[in-house]
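Only one structure is covered here, and it is reproduced in the block below.
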Amino acid sequence: MSEPMPTPPPGPLMPLCSVFRRFLRNQGLKYTVERADVLQAIIDHDGSFEVEELLLDMRQRGHRVSKATVYRTLRLLQEAGIITQALFDSKQGHFQLIYGKEPRDVMVCMRTGRAIEFQSPELTELRDRICSELGWEAVGHRFQIYALSPESDGDEVAESDSD
């Protein structure tokens, strides 16, 4: 007699796990341990992250995962609508979990590249009103503000892809 399967931990992993499994199955792909580990690391990470940061965190936790696997999994998670990529400037790209989350907006310092996340109910209300007026249904948004932070005095302004 085989032992029963362990119960997955409660919380956001269950629905995200199911969403990702369904997406992969529809693509003819498998839900592997490595993909599950990447998804869990993203869930455990609060806020936006860079690939190198995620990879380092996973390796420090003892996960043996290649950079290529992380990049491929991030691409699949984007296609599944679970994460999104935010380009803060021409030198750094960040990802953030969006599935089941309230929209998080970003303010980026043009001199230092420092990025902070914030939530604005007013922006969400504006988004919903604009969509409603145009007959659309809002399902999410990404809003980035490019600014100069107080600690950036005297630094050169970084190049931006915000044009």
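As shown in the structure tokens, the chain order sets the letters A, B, ...; within each chain, residues go from 1, and ligands are also counted from 1 in the order they appear.
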
Report the residues of range 6-130 of chain A whose backbone DSSP state falls under strand (DSSP E), written as number ranges by chain.
-> A: 83-89, 92-97, 105-109, 115-118

In Å, how far is it from CA of Arg111 in chain A to CA of Tyr71 in chain A?
->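 Separation between CA of Arg111 in chain A and CA of Tyr71 in chain A: 27.8 Å.
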
Selected residue, from A:Leu76, A:Ala86, A:Cys109, A:Leu54, that lies nearest to Tyr31 in chain A when counting only C-alpha atoms = A:Leu76

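For the set A:Arg129, A:His94, A:Arg22, A:Lys30, the residue with the smallest atom-to-atom gap to Arg114 in chain A is A:His94, counting only C-alpha atoms.
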
Give me the residues within 7 Å of range 140-155 of chain A as an MDAnalysis selection string, counting only C-alpha atoms and dropping any in the same chain fewer than 3 places off.
-> chainID A and resid 103 105:112

Name the residues in contact with Arg61 in chain A at a cut-off of 12 Å, using only C-alpha atoms, excluding same-chain residues fewer than 3 positions from it; report them as JSON, numbers by chain.
-> {"A": [37, 38, 40, 41, 44, 54, 55, 56, 57, 58, 64, 65]}

Straight-line distance linking CA of Ser132 in chain A with CA of Ile82 in chain A, stated in Å to one decimal |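 Rounded to one decimal, the two atoms are 24.4 Å apart.
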
For Arg104 in chain A, which residue out of A:Glu137, A:Glu53, A:Asp128, A:Asp46 is the nearest one, using only C-alpha atoms?
->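 That would be A:Asp46, the residue with the smallest distance to Arg104 in chain A.
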
One-decimal distance in Å that lies between CA of Gln96 in chain A and CA of Gly113 in chain A = 16.7 Å

Restricting the calculation to only C-alpha atoms, which member of A:Arg25, A:His45, A:Arg35, A:Arg127 is positioned closest to Leu77 in chain A?
-> A:Arg35

Secondary structure check, helix (DSSP H, G or I) residues of range 26-77 of chain A, as a PyMOL selection string = chain A and resi 26+33-44+51-60+67-77

Writing out the chosen residues with C-alpha atoms as a CSV table (one decimal), in the first residue's frame:
```
chain,number,residue,atom,x,y,z
A,26,ASN,CA,-2.2,23.1,-22.7
A,33,VAL,CA,10.2,20.1,-9.7
A,34,GLU,CA,12.5,22.8,-11.1
A,35,ARG,CA,9.6,24.9,-12.4
A,36,ALA,CA,7.8,24.4,-9.1
A,37,ASP,CA,10.9,25.6,-7.2
A,38,VAL,CA,11.1,28.7,-9.4
A,39,LEU,CA,7.4,29.5,-8.8
A,40,GLN,CA,7.7,29.0,-5.1
A,41,ALA,CA,10.8,31.3,-4.9
A,42,ILE,CA,8.8,34.0,-6.7
A,43,ILE,CA,5.9,33.6,-4.4
A,44,ASP,CA,8.3,33.8,-1.4
A,51,VAL,CA,16.8,37.1,-12.4
A,52,GLU,CA,20.3,37.1,-10.8
A,53,GLU,CA,18.7,37.9,-7.4
A,54,LEU,CA,16.2,35.1,-7.8
A,55,LEU,CA,18.8,32.6,-8.9
A,56,LEU,CA,21.1,33.5,-5.9
A,57,ASP,CA,18.2,33.2,-3.5
A,58,MET,CA,17.3,29.8,-4.9
A,59,ARG,CA,20.9,28.5,-4.7
A,60,GLN,CA,21.2,29.8,-1.1
A,67,LYS,CA,20.2,30.0,-15.2
A,68,ALA,CA,18.7,28.7,-18.4
A,69,THR,CA,15.9,26.9,-16.5
A,70,VAL,CA,15.1,30.0,-14.6
A,71,TYR,CA,14.9,32.1,-17.8
A,72,ARG,CA,12.7,29.5,-19.5
A,73,THR,CA,10.4,29.2,-16.5
A,74,LEU,CA,10.1,33.0,-16.2
A,75,ARG,CA,9.1,33.2,-19.9
A,76,LEU,CA,6.5,30.5,-19.3
A,77,LEU,CA,5.2,32.2,-16.2
```

Shortest contact to Val139 in chain A, candidates A:Leu24, A:Ala115, A:Ile98, A:Cys17, atoms counted only C-alpha atoms, goes to A:Ile98
